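Source file: entry_24.cif; contents: mmCIF, C-alpha atoms and all ligand atoms.
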```
data_model
#
loop_
_atom_site.label_atom_id
_atom_site.label_comp_id
_atom_site.auth_asym_id
_atom_site.auth_seq_id
_atom_site.Cartn_x
_atom_site.Cartn_y
_atom_site.Cartn_z
CA MET A 18 22.34 182.35 113.60
CA ILE A 19 22.18 186.05 112.71
CA THR A 20 25.55 187.40 111.65
CA LEU A 21 26.31 190.92 110.52
CA LYS A 22 26.73 189.91 106.88
CA ASN A 23 23.44 188.08 106.56
CA GLN A 24 21.66 190.81 108.55
CA ARG A 25 22.68 193.22 105.83
CA THR A 26 21.56 190.83 103.10
CA TYR A 27 18.17 190.28 104.82
CA ALA A 28 17.78 194.05 105.18
CA ARG A 29 18.44 194.62 101.48
CA ARG A 30 16.19 191.75 100.36
CA SER A 31 13.34 192.74 102.65
CA GLY A 32 13.56 196.35 101.49
CA ARG A 33 13.93 197.62 105.05
CA SER A 34 14.67 201.31 105.51
CA ALA A 35 18.11 202.46 106.64
CA ILE A 36 16.78 203.07 110.16
CA GLU A 37 15.24 199.60 110.33
CA ASP A 38 18.51 198.25 109.01
CA VAL A 39 20.34 199.99 111.83
CA MET A 40 17.83 198.68 114.38
CA ALA A 41 18.70 195.18 113.23
CA TYR A 42 22.22 195.73 114.52
CA GLU A 43 20.92 195.65 118.06
CA ASN A 44 21.36 191.91 117.61
CA ILE A 45 25.00 192.30 116.67
CA GLU A 46 27.10 189.31 117.58
CA TRP A 47 29.88 191.37 119.07
CA ASP A 48 32.43 188.59 119.16
CA LYS A 49 31.97 187.97 115.43
CA LEU A 50 32.68 191.52 114.25
CA GLY A 51 35.37 192.04 111.64
CA PHE A 52 36.40 195.33 110.04
CA ASP A 53 33.42 196.25 107.82
CA TYR A 54 31.44 199.42 107.19
CA ILE A 55 28.22 199.64 109.19
CA LYS A 56 26.06 202.74 109.14
CA THR A 57 25.83 203.98 112.71
CA ASP A 58 23.41 206.61 114.02
CA GLN A 59 25.25 209.94 113.89
CA ARG A 60 28.40 211.47 112.43
CA TYR A 61 30.04 214.86 113.07
CA LEU A 62 30.32 217.35 110.23
CA SER A 63 32.07 220.72 110.18
CA HIS A 64 32.76 223.07 107.24
CA TRP A 65 35.70 225.41 106.77
CA ARG A 66 34.69 228.54 104.90
CA ASP A 67 36.08 232.08 104.91
CA GLY A 68 39.06 231.09 106.99
CA GLU A 69 37.42 229.21 109.86
CA TRP A 70 35.66 226.02 110.90
CA ASP A 71 31.99 226.34 111.77
CA GLN A 72 30.67 224.94 115.04
CA GLY A 73 29.99 221.49 113.62
CA THR A 74 26.87 219.37 113.98
CA LEU A 75 25.83 215.77 114.29
CA THR A 76 23.85 214.35 111.39
CA GLU A 77 22.12 211.09 110.52
CA ASP A 78 23.00 211.54 106.84
CA ASN A 79 25.99 209.42 105.84
CA VAL A 80 26.16 210.86 102.30
CA LEU A 81 28.30 213.90 101.48
CA HIS A 82 27.12 216.30 98.76
CA ILE A 83 30.27 217.93 97.33
CA SER A 84 31.31 219.81 94.18
CA GLU A 85 32.49 217.73 91.23
CA GLY A 86 35.54 220.02 91.24
CA SER A 87 36.56 219.08 94.82
CA THR A 88 40.34 218.71 95.16
CA ALA A 89 39.78 215.58 97.28
CA LEU A 90 38.35 213.88 94.18
CA HIS A 91 41.04 214.90 91.68
CA TYR A 92 44.25 215.71 93.48
CA GLY A 93 43.97 213.57 96.58
CA GLN A 94 43.73 216.55 98.92
CA GLN A 95 42.47 214.65 101.94
CA CYS A 96 43.72 212.94 105.06
CA PHE A 97 42.22 210.74 107.75
CA GLU A 98 42.75 209.30 111.20
CA GLY A 99 41.83 206.12 113.03
CA LEU A 100 41.30 205.74 116.78
CA LYS A 101 39.16 203.63 119.06
CA ALA A 102 36.74 203.99 121.97
CA TYR A 103 36.64 201.11 124.46
CA ARG A 104 33.93 200.03 126.89
CA CYS A 105 35.47 199.46 130.33
CA LYS A 106 34.52 196.94 133.01
CA ASP A 107 32.79 199.67 135.08
CA GLY A 108 30.71 200.76 132.06
CA SER A 109 32.68 203.95 131.37
CA ILE A 110 34.17 204.69 127.94
CA ASN A 111 37.87 205.24 127.14
CA LEU A 112 39.29 207.08 124.17
CA PHE A 113 42.93 206.10 123.61
CA ARG A 114 45.35 209.01 123.05
CA PRO A 115 43.04 211.16 120.86
CA ASP A 116 45.41 214.12 121.30
CA GLN A 117 48.04 212.17 119.36
CA ASN A 118 45.61 211.58 116.50
CA ALA A 119 44.72 215.27 116.50
CA LEU A 120 48.39 216.21 116.30
CA ARG A 121 49.03 213.74 113.48
CA MET A 122 46.01 215.06 111.59
CA GLN A 123 47.42 218.59 111.99
CA ARG A 124 50.73 217.39 110.48
CA SER A 125 48.95 215.58 107.61
CA CYS A 126 46.87 218.70 106.88
CA ALA A 127 49.98 220.90 106.88
CA ARG A 128 51.69 218.56 104.39
CA LEU A 129 48.70 218.83 102.03
CA LEU A 130 48.08 222.53 102.58
CA MET A 131 44.78 222.05 104.37
CA PRO A 132 43.44 223.76 107.50
CA ALA A 133 43.26 221.34 110.43
CA PRO A 134 40.84 221.16 113.35
CA SER A 135 42.39 222.18 116.65
CA THR A 136 43.13 219.42 119.16
CA GLU A 137 40.17 220.66 121.18
CA GLN A 138 37.74 220.51 118.22
CA PHE A 139 39.08 217.08 117.21
CA ILE A 140 38.59 215.56 120.66
CA GLU A 141 35.20 217.23 121.14
CA ALA A 142 34.01 215.85 117.76
CA CYS A 143 35.19 212.34 118.72
CA LYS A 144 33.42 212.54 122.09
CA GLN A 145 30.17 213.71 120.48
CA VAL A 146 30.26 210.86 117.97
CA VAL A 147 30.97 208.23 120.64
CA LYS A 148 28.16 209.52 122.87
CA ALA A 149 25.67 209.66 119.98
CA ASN A 150 26.49 206.09 118.95
CA GLU A 151 26.93 204.58 122.39
CA ARG A 152 24.75 201.58 121.57
CA PHE A 153 27.31 200.54 118.96
CA ILE A 154 30.21 200.27 121.40
CA PRO A 155 31.09 196.59 121.73
CA PRO A 156 30.71 195.37 125.32
CA TYR A 157 33.66 195.01 127.67
CA GLY A 158 35.38 191.68 127.13
CA SER A 159 33.99 191.09 123.62
CA GLY A 160 37.32 191.95 122.01
CA GLY A 161 35.68 194.65 119.89
CA ALA A 162 35.86 198.45 120.01
CA LEU A 163 34.23 201.48 118.39
CA TYR A 164 36.53 202.59 115.58
CA LEU A 165 36.45 206.34 114.86
CA ARG A 166 37.35 207.62 111.41
CA PRO A 167 38.00 211.39 111.38
CA PHE A 168 38.85 212.91 107.98
CA VAL A 169 39.50 216.25 106.30
CA ILE A 170 38.77 216.74 102.57
CA GLY A 171 39.25 219.62 100.17
CA VAL A 172 35.89 220.57 98.60
CA GLY A 173 34.29 223.36 96.57
CA ASP A 174 34.35 224.42 92.91
CA ASN A 175 37.90 224.26 91.54
CA ILE A 176 39.92 222.78 88.67
CA GLY A 177 43.53 224.02 88.92
CA VAL A 178 46.12 222.13 90.96
CA ARG A 179 45.86 224.29 94.04
CA THR A 180 44.48 224.06 97.54
CA ALA A 181 40.66 223.93 97.81
CA PRO A 182 38.47 226.94 98.58
CA GLU A 183 36.57 224.99 101.28
CA PHE A 184 37.08 221.96 103.50
CA ILE A 185 35.06 219.41 105.43
CA PHE A 186 36.10 217.84 108.73
CA SER A 187 34.00 214.82 109.64
CA VAL A 188 34.12 211.93 112.12
CA PHE A 189 32.11 208.74 111.78
CA CYS A 190 32.32 205.48 113.71
CA ILE A 191 31.90 201.75 113.26
CA PRO A 192 31.93 198.87 115.75
CA VAL A 193 34.86 196.63 114.83
CA GLY A 194 36.55 193.38 115.74
CA PRO A 195 39.91 192.14 114.43
CA TYR A 196 41.39 193.69 111.26
CA PHE A 197 43.54 190.68 110.37
CA LYS A 198 42.09 187.18 110.32
CA GLY A 199 41.99 185.53 113.73
CA GLY A 200 43.03 188.68 115.65
CA MET A 201 45.78 187.72 118.05
CA LYS A 202 46.96 184.80 115.87
CA PRO A 203 50.10 184.66 113.76
CA ASN A 204 49.66 185.82 110.16
CA ASN A 205 52.10 185.50 107.28
CA PHE A 206 53.14 188.50 105.17
CA VAL A 207 55.01 188.89 101.89
CA ILE A 208 57.57 191.51 100.89
CA SER A 209 56.25 193.71 98.08
CA SER A 210 58.38 194.90 95.20
CA TYR A 211 56.26 198.07 95.07
CA ASP A 212 56.65 201.20 97.21
CA ARG A 213 53.75 202.84 99.04
CA ALA A 214 55.50 206.20 99.39
CA ALA A 215 58.55 208.07 98.08
CA PRO A 216 61.61 208.81 100.29
CA GLN A 217 60.68 212.47 100.81
CA GLY A 218 57.03 212.03 99.82
CA THR A 219 53.91 211.69 101.95
CA GLY A 220 54.62 208.37 103.73
CA ALA A 221 54.65 210.02 107.15
CA ALA A 222 51.29 211.69 106.55
CA LYS A 223 48.04 209.75 106.82
CA VAL A 224 46.80 210.66 103.35
CA GLY A 225 44.64 208.62 100.98
CA GLY A 226 47.22 208.60 98.17
CA ASN A 227 49.49 206.29 100.18
CA TYR A 228 46.62 203.85 100.58
CA ALA A 229 45.62 204.06 96.89
CA ALA A 230 49.20 203.08 96.07
CA SER A 231 48.92 200.10 98.43
CA LEU A 232 45.69 198.65 97.00
CA MET A 233 47.18 196.63 94.16
CA PRO A 234 50.19 195.19 96.08
CA GLY A 235 47.88 194.42 99.03
CA SER A 236 45.37 192.67 96.82
CA GLN A 237 48.12 190.58 95.16
CA ALA A 238 49.42 189.56 98.59
CA LYS A 239 45.93 188.48 99.72
CA LYS A 240 45.36 186.51 96.50
CA ASN A 241 48.49 184.58 97.41
CA ASN A 242 47.11 183.83 100.88
CA PHE A 243 49.15 186.38 102.80
CA ALA A 244 47.48 188.70 105.29
CA ASP A 245 49.04 191.72 103.53
CA CYS A 246 52.38 192.87 102.15
CA ILE A 247 55.35 194.48 103.84
CA TYR A 248 57.06 197.45 102.18
CA LEU A 249 60.82 197.95 102.07
CA ASP A 250 62.39 201.41 102.17
CA PRO A 251 61.79 203.13 98.83
CA GLN A 252 65.41 204.31 98.50
CA THR A 253 67.40 201.07 98.79
CA HIS A 254 64.82 198.27 99.13
CA THR A 255 66.94 196.64 101.82
CA LYS A 256 65.10 197.64 105.02
CA ILE A 257 61.62 196.83 106.31
CA GLU A 258 59.43 199.93 106.57
CA GLU A 259 55.79 199.15 107.11
CA VAL A 260 53.28 196.28 107.23
CA GLY A 261 50.41 197.28 104.91
CA SER A 262 48.29 199.43 107.21
CA ALA A 263 50.35 198.92 110.36
CA ASN A 264 53.85 199.44 111.74
CA PHE A 265 56.48 196.72 112.09
CA PHE A 266 58.29 195.70 115.26
CA ALA A 267 60.45 192.75 116.23
CA ILE A 268 62.12 191.32 119.32
CA THR A 269 65.80 190.35 119.17
CA HIS A 270 67.27 187.28 120.85
CA ASN A 271 68.56 189.71 123.52
CA ASP A 272 65.02 190.97 124.24
CA GLU A 273 65.39 194.30 122.47
CA PHE A 274 62.29 195.90 120.92
CA VAL A 275 63.25 197.06 117.42
CA THR A 276 61.10 199.16 115.10
CA PRO A 277 62.00 200.92 111.82
CA LYS A 278 62.71 204.65 111.81
CA SER A 279 62.26 206.35 108.46
CA PRO A 280 60.82 209.59 107.06
CA SER A 281 58.47 207.56 104.83
CA VAL A 282 56.93 205.47 107.65
CA LEU A 283 53.67 206.60 109.28
CA PRO A 284 54.44 207.52 112.92
CA GLY A 285 51.89 205.17 114.47
CA ILE A 286 50.36 205.90 117.85
CA THR A 287 50.28 202.20 118.71
CA ARG A 288 53.98 202.00 117.79
CA LEU A 289 54.69 205.04 119.97
CA SER A 290 52.73 203.49 122.83
CA LEU A 291 54.48 200.12 122.51
CA ILE A 292 57.87 201.85 122.56
CA GLU A 293 56.91 203.42 125.89
CA LEU A 294 55.31 200.26 127.34
CA ALA A 295 58.16 197.99 126.19
CA GLN A 296 60.61 200.25 127.99
CA SER A 297 58.73 201.20 131.13
CA ARG A 298 56.60 198.12 131.80
CA LEU A 299 58.48 195.21 130.21
CA GLY A 300 61.99 196.58 130.79
CA LEU A 301 63.02 196.01 127.17
CA LYS A 302 65.69 198.08 125.47
CA VAL A 303 64.11 199.95 122.54
CA ILE A 304 65.93 200.50 119.25
CA GLU A 305 64.41 202.69 116.55
CA GLY A 306 66.53 201.95 113.53
CA ASP A 307 67.14 199.83 110.47
CA VAL A 308 65.59 196.38 110.11
CA LEU A 309 67.55 194.81 107.28
CA ILE A 310 65.54 192.32 105.26
CA ASP A 311 68.66 190.11 105.03
CA ASN A 312 68.98 189.95 108.84
CA LEU A 313 65.60 188.54 109.90
CA GLY A 314 67.49 185.84 111.80
CA ASP A 315 68.31 188.52 114.43
CA PHE A 316 64.72 188.33 115.68
CA LYS A 317 62.89 185.70 117.68
CA GLU A 318 59.45 187.36 117.43
CA ALA A 319 57.80 189.97 115.22
CA GLY A 320 54.51 191.80 114.99
CA ALA A 321 52.41 194.37 113.17
CA CYS A 322 50.89 197.14 115.29
CA GLY A 323 48.25 199.75 114.62
CA THR A 324 44.85 200.97 115.76
CA ALA A 325 42.99 198.55 113.50
CA ALA A 326 45.60 195.78 113.69
CA VAL A 327 46.14 196.21 117.49
CA ILE A 328 49.05 193.77 117.70
CA THR A 329 49.03 191.07 115.07
CA PRO A 330 51.83 188.55 115.54
CA ILE A 331 53.85 187.93 112.37
CA GLY A 332 54.25 184.18 111.83
CA GLY A 333 56.52 184.44 108.81
CA ILE A 334 57.68 186.79 106.06
CA GLU A 335 58.14 185.61 102.48
CA TYR A 336 60.97 187.29 100.59
CA ASN A 337 62.32 186.15 97.21
CA GLY A 338 60.23 182.98 97.38
CA LYS A 339 61.47 181.88 100.84
CA LEU A 340 59.39 182.02 104.02
CA HIS A 341 61.26 183.15 107.14
CA VAL A 342 59.37 182.01 110.24
CA PHE A 343 59.93 183.91 113.50
CA TYR A 344 58.50 182.30 116.65
CA SER A 345 55.90 180.04 115.03
CA GLU A 346 53.24 180.09 112.32
CA LYS A 347 50.71 178.78 114.85
CA GLU A 348 51.61 180.12 118.27
CA VAL A 349 52.19 183.59 119.65
CA GLY A 350 55.58 184.28 121.22
CA PRO A 351 55.84 185.26 124.90
CA VAL A 352 57.09 188.84 124.43
CA VAL A 353 54.45 189.71 121.82
CA SER A 354 51.84 188.17 124.18
CA ARG A 355 52.99 190.35 127.08
CA LEU A 356 53.00 193.48 124.93
CA TYR A 357 49.47 192.67 123.75
CA ALA A 358 48.21 192.14 127.30
CA GLU A 359 49.77 195.39 128.47
CA LEU A 360 48.50 197.48 125.54
CA THR A 361 44.94 196.14 125.50
CA GLY A 362 44.81 196.25 129.32
CA VAL A 363 45.71 199.94 129.27
CA GLN A 364 43.23 200.69 126.46
CA SER A 365 40.28 199.03 128.16
CA GLY A 366 41.10 200.44 131.59
CA ASP A 367 42.12 197.16 133.25
CA ILE A 368 45.73 198.29 133.69
CA GLU A 369 46.74 201.75 134.85
CA ALA A 370 47.58 203.95 131.87
CA PRO A 371 50.54 206.29 131.67
CA GLN A 372 49.45 209.86 132.41
CA GLY A 373 47.33 211.50 129.72
CA TRP A 374 46.76 208.41 127.57
CA ILE A 375 43.09 207.93 128.39
CA VAL A 376 40.34 210.48 127.77
CA LYS A 377 37.02 209.55 129.35
CA VAL A 378 33.97 210.20 127.20
N1 LIG B 1 51.12 202.54 109.19
C1 LIG B 1 50.07 202.69 108.37
C2 LIG B 1 50.33 202.77 106.91
C3 LIG B 1 48.77 202.77 108.89
O1 LIG B 1 47.73 202.92 108.07
C4 LIG B 1 48.58 202.70 110.28
C5 LIG B 1 47.24 202.80 110.84
O2 LIG B 1 46.80 203.81 111.28
C6 LIG B 1 49.70 202.55 111.10
C7 LIG B 1 50.95 202.47 110.52
C8 LIG B 1 49.56 202.51 112.59
O3 LIG B 1 49.22 203.75 113.13
P1 LIG B 1 48.34 203.86 114.44
O4 LIG B 1 49.00 203.00 115.45
O5 LIG B 1 48.39 205.30 114.78
O6 LIG B 1 46.99 203.39 114.11
C1 LIG B 2 44.07 202.36 111.37
O1 LIG B 2 44.58 201.42 112.01
O2 LIG B 2 43.45 203.26 111.93
C2 LIG B 2 44.20 202.42 109.94
O3 LIG B 2 44.13 203.49 109.43
C3 LIG B 2 44.38 201.18 109.19
C4 LIG B 2 43.50 200.99 108.01
C5 LIG B 2 42.14 200.52 108.32
C6 LIG B 2 43.59 202.02 106.96
#
```

Take the structure in the file and write it out as structure tokens.
Amino acid sequence: MITLKNQRTYARRSGRSAIEDVMAYENIEWDKLGFDYIKTDQRYLSHWRDGEWDQGTLTEDNVLHISEGSTALHYGQQCFEGLKAYRCKDGSINLFRPDQNALRMQRSCARLLMPAPSTEQFIEACKQVVKANERFIPPYGSGGALYLRPFVIGVGDNIGVRTAPEFIFSVFCIPVGPYFKGGMKPNNFVISSYDRAAPQGTGAAKVGGNYAASLMPGSQAKKNNFADCIYLDPQTHTKIEEVGSANFFAITHNDEFVTPKSPSVLPGITRLSLIELAQSRLGLKVIEGDVLIDNLGDFKEAGACGTAAVITPIGGIEYNGKLHVFYSEKEVGPVVSRLYAELTGVQSGDIEAPQGWIVKV
């Protein structure tokens, strides 16, 4: 059986060229995709010089040639986004809420003193990349999607701690399957004693520094057989903030949808969408507020949500050596199941989307 991993190994051993390597992916087993880098055909590249972005082009080259003095390399002046394109039953392609990613990128850029692409440029770049890599979009019903990774980095000759003289805005894409093991299966998480962001720091911006800070705690959690770690609020360490690279939500025994609200949490677009769907489609009361780590018994179900994570049910959370199990470590609870069906139905075009959520490519 040809899997993605051994295709790559064969390609390396046989000395195939990058293009031949890419051709090999025509045999991709779509239902076996995970979340791994694959070089696709084209990526979008735009430069900011003399106060404006150039027109941007598509290129086959997946290597950036940048100054050794680039602020992205030394001072973490960079931010990124993540969004997905979905193949629909009728063959058309859906982008899910790209305007929200553009707006979040504009906020991240402002926080790090970088120029941001306009919403129009952002969406146009995403569309171009999806069209140019159409053969990498997982088929309808496979459970996979084309993950788009837009980013802005500070580049150019520089050494002082100041904003860069030039910037790059790029978008590349990768076909992906589930981010967490098993996809829509319960995973266990562990509370970290580390913080990913400071109370008034950059937690709400999608910047690389937050993820660098999460590498070591995340790796420790995985070594101990957890899917990832959960961060508490950096000020008091009493409230749940974020699940690794996803947002946290839980369902109370009274069928309320609860999700943390904090200036150091990333305002996720999946979280935002679930808030709206929980209210308007499932009739749940939504509470954005504190989730005290000592009150996990208030909840009958819990989940992690994000573009990569989609909805990953949380089986249990370990805190101070004790595992608190929500619905089950093996089965998915009914409310999380309904939220998942609604969200993924809207994304793939099977269920009518609220106005403005879907952009056709
Ligand atoms: N929180 C963090 C730290 C993330 O990396 C992500 C992923 O993007 C999310 C939350 C969820 O955000 P979104 O739903 O916009 O993907
Ligand atoms: C996303 O869901 O888009 C993320 O950014 C998560 C992770 C892969 C960093």

Enclose all atoms of ligand LIG 1 (chain B) listed in the file in an axis-aligned box, grow every side by 8 Å, and hand back centre and edge lengths in Å to one decimal, as AutoDock Vina command-line options.
```
--center_x 49.0 --center_y 203.9 --center_z 111.2 --size_x 20.3 --size_y 18.8 --size_z 24.5
```

For chain A versus ligand LIG 1 (chain B), which residues have an atom no more than 8 Å away, and what is each residue's nearest atom pair and distance in Å rounded to one decimal, using all atoms listed in the file, chain-then-number order, as JSON lines?
```
{"residue": "A:Glu98", "atom": "CA", "partner": "B:LIG1", "partner_atom": "O2", "distance": 6.8}
{"residue": "A:Gly99", "atom": "CA", "partner": "B:LIG1", "partner_atom": "O2", "distance": 5.8}
{"residue": "A:Leu100", "atom": "CA", "partner": "B:LIG1", "partner_atom": "O6", "distance": 6.7}
{"residue": "A:Asn118", "atom": "CA", "partner": "B:LIG1", "partner_atom": "O5", "distance": 7.1}
{"residue": "A:Gly220", "atom": "CA", "partner": "B:LIG1", "partner_atom": "C2", "distance": 7.7}
{"residue": "A:Lys223", "atom": "CA", "partner": "B:LIG1", "partner_atom": "O1", "distance": 7.0}
{"residue": "A:Asn227", "atom": "CA", "partner": "B:LIG1", "partner_atom": "C2", "distance": 7.6}
{"residue": "A:Tyr228", "atom": "CA", "partner": "B:LIG1", "partner_atom": "C2", "distance": 7.4}
{"residue": "A:Glu259", "atom": "CA", "partner": "B:LIG1", "partner_atom": "N1", "distance": 6.1}
{"residue": "A:Val260", "atom": "CA", "partner": "B:LIG1", "partner_atom": "N1", "distance": 6.9}
{"residue": "A:Gly261", "atom": "CA", "partner": "B:LIG1", "partner_atom": "C2", "distance": 5.8}
{"residue": "A:Ser262", "atom": "CA", "partner": "B:LIG1", "partner_atom": "O1", "distance": 3.6}
{"residue": "A:Ala263", "atom": "CA", "partner": "B:LIG1", "partner_atom": "C7", "distance": 3.6}
{"residue": "A:Asn264", "atom": "CA", "partner": "B:LIG1", "partner_atom": "C7", "distance": 4.4}
{"residue": "A:Val282", "atom": "CA", "partner": "B:LIG1", "partner_atom": "N1", "distance": 6.7}
{"residue": "A:Leu283", "atom": "CA", "partner": "B:LIG1", "partner_atom": "N1", "distance": 4.8}
{"residue": "A:Pro284", "atom": "CA", "partner": "B:LIG1", "partner_atom": "O3", "distance": 6.4}
{"residue": "A:Gly285", "atom": "CA", "partner": "B:LIG1", "partner_atom": "O3", "distance": 3.3}
{"residue": "A:Ile286", "atom": "CA", "partner": "B:LIG1", "partner_atom": "O5", "distance": 3.7}
{"residue": "A:Thr287", "atom": "CA", "partner": "B:LIG1", "partner_atom": "O4", "distance": 3.6}
{"residue": "A:Arg288", "atom": "CA", "partner": "B:LIG1", "partner_atom": "O4", "distance": 5.6}
{"residue": "A:Leu289", "atom": "CA", "partner": "B:LIG1", "partner_atom": "O4", "distance": 7.5}
{"residue": "A:Cys322", "atom": "CA", "partner": "B:LIG1", "partner_atom": "C8", "distance": 6.2}
{"residue": "A:Gly323", "atom": "CA", "partner": "B:LIG1", "partner_atom": "O4", "distance": 3.4}
{"residue": "A:Thr324", "atom": "CA", "partner": "B:LIG1", "partner_atom": "O6", "distance": 3.6}
{"residue": "A:Ala325", "atom": "CA", "partner": "B:LIG1", "partner_atom": "O6", "distance": 6.3}
{"residue": "A:Ala326", "atom": "CA", "partner": "B:LIG1", "partner_atom": "O6", "distance": 7.7}
{"residue": "A:Val327", "atom": "CA", "partner": "B:LIG1", "partner_atom": "O4", "distance": 7.6}
```

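For the residues A:Ala142, A:Ala358, A:Ile110, A:Cys246, ranking by smallest atom-to-atom distance to Asn205 (chain A) using all atoms listed in the file places A:Cys246 first.
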
Region 174-187 of chain A surroundings by all atoms listed in the file, 9 Å radius, close-in-sequence under 6 positions cut, as a short mmCIF file (atom, residue, chain, number, x, y, z; two decimals) with C-alpha atoms, in the coordinates of the input:
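out.cif was written with the following content:
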```cif
data_model
loop_
_atom_site.label_atom_id
_atom_site.label_comp_id
_atom_site.auth_asym_id
_atom_site.auth_seq_id
_atom_site.Cartn_x
_atom_site.Cartn_y
_atom_site.Cartn_z
CA ARG A 60 28.40 211.47 112.43
CA TYR A 61 30.04 214.86 113.07
CA LEU A 62 30.32 217.35 110.23
CA SER A 63 32.07 220.72 110.18
CA HIS A 64 32.76 223.07 107.24
CA TRP A 65 35.70 225.41 106.77
CA ARG A 66 34.69 228.54 104.90
CA ASP A 67 36.08 232.08 104.91
CA GLY A 68 39.06 231.09 106.99
CA TRP A 70 35.66 226.02 110.90
CA GLY A 73 29.99 221.49 113.62
CA ILE A 83 30.27 217.93 97.33
CA SER A 84 31.31 219.81 94.18
CA GLU A 85 32.49 217.73 91.23
CA GLY A 86 35.54 220.02 91.24
CA SER A 87 36.56 219.08 94.82
CA THR A 88 40.34 218.71 95.16
CA ALA A 89 39.78 215.58 97.28
CA HIS A 91 41.04 214.90 91.68
CA TYR A 92 44.25 215.71 93.48
CA GLN A 94 43.73 216.55 98.92
CA LEU A 129 48.70 218.83 102.03
CA LEU A 130 48.08 222.53 102.58
CA MET A 131 44.78 222.05 104.37
CA PRO A 132 43.44 223.76 107.50
CA ALA A 133 43.26 221.34 110.43
CA PRO A 134 40.84 221.16 113.35
CA ALA A 142 34.01 215.85 117.76
CA ARG A 166 37.35 207.62 111.41
CA PRO A 167 38.00 211.39 111.38
CA PHE A 168 38.85 212.91 107.98
#
```

key: Atom pair CA of Asp48 (chain A) / CA of Glu359 (chain A): separation (Å)   = 20.8 Å

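Minimum distance to ligand LIG 2 (chain B) across A:Asp107, A:Glu69, A:Asp245, A:Glu46 (counting only C-alpha atoms and all ligand atoms) occurs at A:Asp245.
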
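Shortest separation to ligand LIG 2 (chain B) among A:Leu120, A:Val146, A:Cys126, A:Ala222 occurs at residue A:Ala222, atoms counted being only C-alpha atoms and all ligand atoms.
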
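The spacing separating CA of Leu75 (chain A) from CA of Tyr54 (chain A) amounts to 18.7 Å.
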
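Of note, CA of Gly160 (chain A) and CA of Phe113 (chain A) are spaced 15.3 Å apart.
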
task = Please determine the residues with any atom at most 7 Å from (33.4, 195.4, 126.6) (coordinates as given in the file, with only C-alpha atoms counting) and report them as number ranges by chain.
result = A: 103-106, 155-160

request  = May I have the residues within 12 Å of Gly235 (chain A) as an MDAnalysis selection string, using only C-alpha atoms and disregarding those fewer than 6 positions away in the same chain?
outcome  = chainID A and resid 206:213 228:229 241:248 260:262

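Using all atoms listed in the file, the shortest contact distance between ligand LIG 2 (chain B) and any of A:Leu313, A:Ile268, A:Ile328, A:Ile292 is found at A:Ile328.
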
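Considering only C-alpha atoms and all ligand atoms, the residue among A:Val308, A:Cys190, A:Ala267, A:Ala295 positioned nearest to ligand LIG 2 (chain B) is A:Cys190.
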